[in-house]
Number of protein chains: 2
Amino acid sequence: MAQAKENNGNGTPSGAKSSASGEGRSAKPRRPYHPRRSRRPQQPKEAATPLHIYPLGGLGEVGKNMTVYECCGDMIIVDCGLVFPDSEMYGIDLVIPDFTFVVQNKDRIKGLFITHGHEDHIGSIPYLLQKFDVPIYGTRLTCGLIKNKLEEFNLAGKTKFVEITPRHKIKAGCFTVEPIHVNHSIPDSVAFAIDSPAGVVIQTGDFKIDYTPLGCGPTDLSTLAEYGQKGVLALLSDSTNAERPGFTATEQKVAAGVHNLFTQARNKRIIIATFASNIYRVQQIIDLAVEEGRKVAFSGRSMVNNTAMAQELGYMHIPEGTLINIEDLNKYPPEQVVLITTGSQGEPLSALSRMASCSHRQVRVGPGDFIIISANPIPGNEKSVTKIVNGLLLLGAQVIYESMYDVHVSGHACQEEQKLMLSLTKPKYFLPVHGEYKQLKKHALTAASLGIPHSNILIAENGSNVILSQDEIKLGEPVAAGAVMVDGLGVGDVGNVVLRDRKHLSEDGLVIIVATVDNRTGKVLAGPDLVSRGFVYVRENESLMDGAQSVVEMALDRCVEEHVRDWNSVKTRVREALSSYIYRRTKRSPMILPILMEV
Amino acid sequence: MAQAKENNGNGTPSGAKSSASGEGRSAKPRRPYHPRRSRRPQQPKEAATPLHIYPLGGLGEVGKNMTVYECCGDMIIVDCGLVFPDSEMYGIDLVIPDFTFVVQNKDRIKGLFITHGHEDHIGSIPYLLQKFDVPIYGTRLTCGLIKNKLEEFNLAGKTKFVEITPRHKIKAGCFTVEPIHVNHSIPDSVAFAIDSPAGVVIQTGDFKIDYTPLGCGPTDLSTLAEYGQKGVLALLSDSTNAERPGFTATEQKVAAGVHNLFTQARNKRIIIATFASNIYRVQQIIDLAVEEGRKVAFSGRSMVNNTAMAQELGYMHIPEGTLINIEDLNKYPPEQVVLITTGSQGEPLSALSRMASCSHRQVRVGPGDFIIISANPIPGNEKSVTKIVNGLLLLGAQVIYESMYDVHVSGHACQEEQKLMLSLTKPKYFLPVHGEYKQLKKHALTAASLGIPHSNILIAENGSNVILSQDEIKLGEPVAAGAVMVDGLGVGDVGNVVLRDRKHLSEDGLVIIVATVDNRTGKVLAGPDLVSRGFVYVRENESLMDGAQSVVEMALDRCVEEHVRDWNSVKTRVREALSSYIYRRTKRSPMILPILMEV
């Protein structure tokens, strides 16, 4: 806390300005700062070749992470994620990065390197592969998850996968990429040390530092330190928890918390919701179930798929006879089963939400159930999670959902871990990534508090062209970047006009006016008919609609009298007449569509 | 924490069941429990007359609080609030209680008693007064706020107001109501001790217990205790913070926190956003400004109105020459002004949000600004607040928004305060009110943990008919209750059908098919024309729309060939043909409206 306060105290605005623009005066650092670059031989040729970093997603937002590196004409991409639409994006299913820049440069791209298998890092890969083919480098589990995804798009097979393992370097054009093991909420996560003629850049991906993780070792601090000693040109580090002081608790804490609850739940059926990708968490729940002699069933498509694949790849171990099919759930007494389900974020169609609304095919929730939500709501999901909790409580179940029960820990580094990452890698330049602007800003302040000069900290944007050399960091001409909306099969065919219409329709509905007119006399032969949707109950508002009808008729008559023949002006006059009438009567502005048919 | 855990551990379901139904077996209380009712003389006549409590809002929800009390044929209403629409209520402005029940009984209603001046307690009054007239009882500030509201509806004047003060009893039919001073985030808040022939009920309204509040004394514990001694039949208590252990911090803490920040902000302009109704907080900011020799300006309609009224009524004191008009803000150097503004909840049209988007007429935000958001986001507002914070940071301002800076405290009681309220009033029966089901549930568990038998705790619903006597609590026939949606001038004219259409339109837009047909031959004379809105960019999807055109034409032709004359079946066939074509091509289901004009 104190630390955080202190950060916030020191000269933010100048910091903000300089880092935001990347060319601020170097504010005097509070502590002397000596990045160790000495041991790196400085061939002039190399120093002459700058490295370009183009973030195409993940800056100023949480999600659709994608970064392009360019040096000596070669390019590599790190991650290719998606983001889910915000409430203003009516009807949009998901949002992917704008691929214009990478498509333009597709022949120079040597590979797509993936840090881990979460949607915000792999979700857009199928859409990228629809544009061009590129070999994918990822750890075993990550590749497995991507392959699953590609199958849904019938893109499997045609893509080349290269399975990577930590500490084994890969050459890609002029780049040498070393995967470094990091802790996160999904197994097989890595950071990348990207060596280029211009120097080494470390991109952390999503990470936290867990000294006592489950199922794997702690983040590979020594390798990070080693790079720090040799000299790191720049660090791109995860900013998700930049606002949180202290350390993220170890996954062991969850183990303890859940174990506690299992003992409380003694004679009840346990239903536990968590992220399907959090394999270690699920494994840990299974282990507890085995300990208590309970059978385990899975519910929710992604939970079933992920756990199946995790077992297949050996990331999950379920003793013979423990796993049961959800169809058979009710054959066992409550105290002998654990149901592991999706829906911890309150997704409306998820298994848990169907349980809460009594619409789940196999599971009826009641007083005999002990339900644990082993996750925190992602910002924006609070209300839907609350809705589910209320529903489950109303059914008489006991529901554990508050953070105080230690049933969840974040997968991201807090301020102290971010400081450790900075201190180990000793980067000359620092670029906070993965986060809203407020988080990038806080992360920048944290770096500044360690003595990195403000002028060496750059808060870039999606589409920035960051030019790095041993001597300077600067911004070049930005490249195409943005949000491409996916609606059903349509990629990018829904834009602002369509969204504006959807918003308008959602707020006040619409009124359609149809009339058949004689294209010589302009006289109305049929209609005008008024049809409304999403506006008012017509039956209960007859007087209103009758009034509307005559307003339209009058407007049309006037057009005939005044010999207005240009159909557009007729439409305009009708629209204006009706909309002002409706607004006067209802203070609403439905969309008004006059349609004239000529015969 | 421990307490909460313990609560959650002990026999919830049975508790849940019994309290939900109000007829569970009395689970053995952990501690002996002796409500002191001895001193209350028990005339048989009185015992015979039950008291009815009808909650019409505020149960299973946060907002639109309204409760009706009935005894010996007389009725009084406590509070009449509104709630803001949830994300599924497309285009709805606000939601009010269903007044059917009170309208049916309007001649028996002796008065409308208001606990305090927040929207969720007074917001629906104008709509109630449009149905029938009823005298309003409230403290001075509360009446002032209601009068402001009525003026907007041109309802002022015609309504009778009775100004009440704590400790002064009011007779209303067979009821005697005593206002009891409580702490809350708005001055002049009261609880009500409602004495009836059946016994005394205490309704807390919104409250917290602040031993060192600003501008007023602490919650009147002694009067509450006095009633507890005499014997309280039932307590209806605020559940908003029922999930939070411990005590809500004192408003003094905010004073300290803000003072701290003022000294940090030394050479900068201070912009501070908070709730316009939190008069004490605003006063406290003004005092600090005066201390630092800064001028004060207000921004935001409600901030300007509320502070003006607060001064007029003597709830706010601004020394001569301190207050400046926002038009003159820029005439003063930054370090000499404090701007107090609305928008702490990220409301899209609020002053602060206009500052963040550079669209505020008088205020341009920049690196010279120190901005404090003195409020926590109400659940559901997190994203819009974040959006504003990002915007302000991007403009280079320093922004203090995290809870850790002690710039805000809740206005509601946490678990320990709720226990104190229960322990002082010693109610025989307990009804948690004001909150979502999960909060009511937690509050019920807190009460149970104090030894109140589960069978004496009732979690009612909106529309419940709670029948209370010295001997029992039970549920009678429920009454009409629900959510009435207000859209513009329309009250209740938007219902589920309209909302469903708006939702549908918002997700995939619509396609209209218009054709003029010969009513004898059924031949198409003009059209079919296709018009779409909120569906796709037509220009960029010509092939799709051309395909749609011919699909429709074919469908119509087939109808002619097959001599289908019933227009509805024609429409159905066209609709089905087009919708399956569109779904195949786009995986979307826009609303499809075939309109046939006969000539």
# chains A, B, ... in the order shown; residues from 1 in each chain; ligands from 1
$ residues_around --residues "Gly314 in chain B" --least-positions-apart "4" --cutoff "12 Å" --atoms "only C-alpha atoms" --output "list in words"
Arg140, Leu141, Gly144, Pro187, Gly215, Ile279, Tyr280, Gln283, Asn306, Thr307, Ala308, Met309, Ala310 and Ile318 of chain B
$ residues_around --residues "Glu436 in chain A" --least-positions-apart "5" --cutoff "10 Å" --atoms "only C-alpha atoms" --output "list of chain:residue names"
A:Gly58, A:Leu59, A:Gly60, A:Glu61, A:Val62, A:Gly63, A:Ser239, A:Thr240, A:Lys441, B:Thr386, B:Lys387, B:Val389, B:Asn390
$ residues_around --residues "Ile513 in chain B" --least-positions-apart "5" --cutoff "10 Å" --atoms "only C-alpha atoms" --output "number ranges by chain"
B: 527-532, 549, 552, 571, 574-575, 578, 592-596
$ residues_around --residues "Pro319 in chain A" --least-positions-apart "4" --cutoff "10 Å" --atoms "only C-alpha atoms" --output "list in words"
Ile286, Asp287, Val290 and Leu323 of chain A
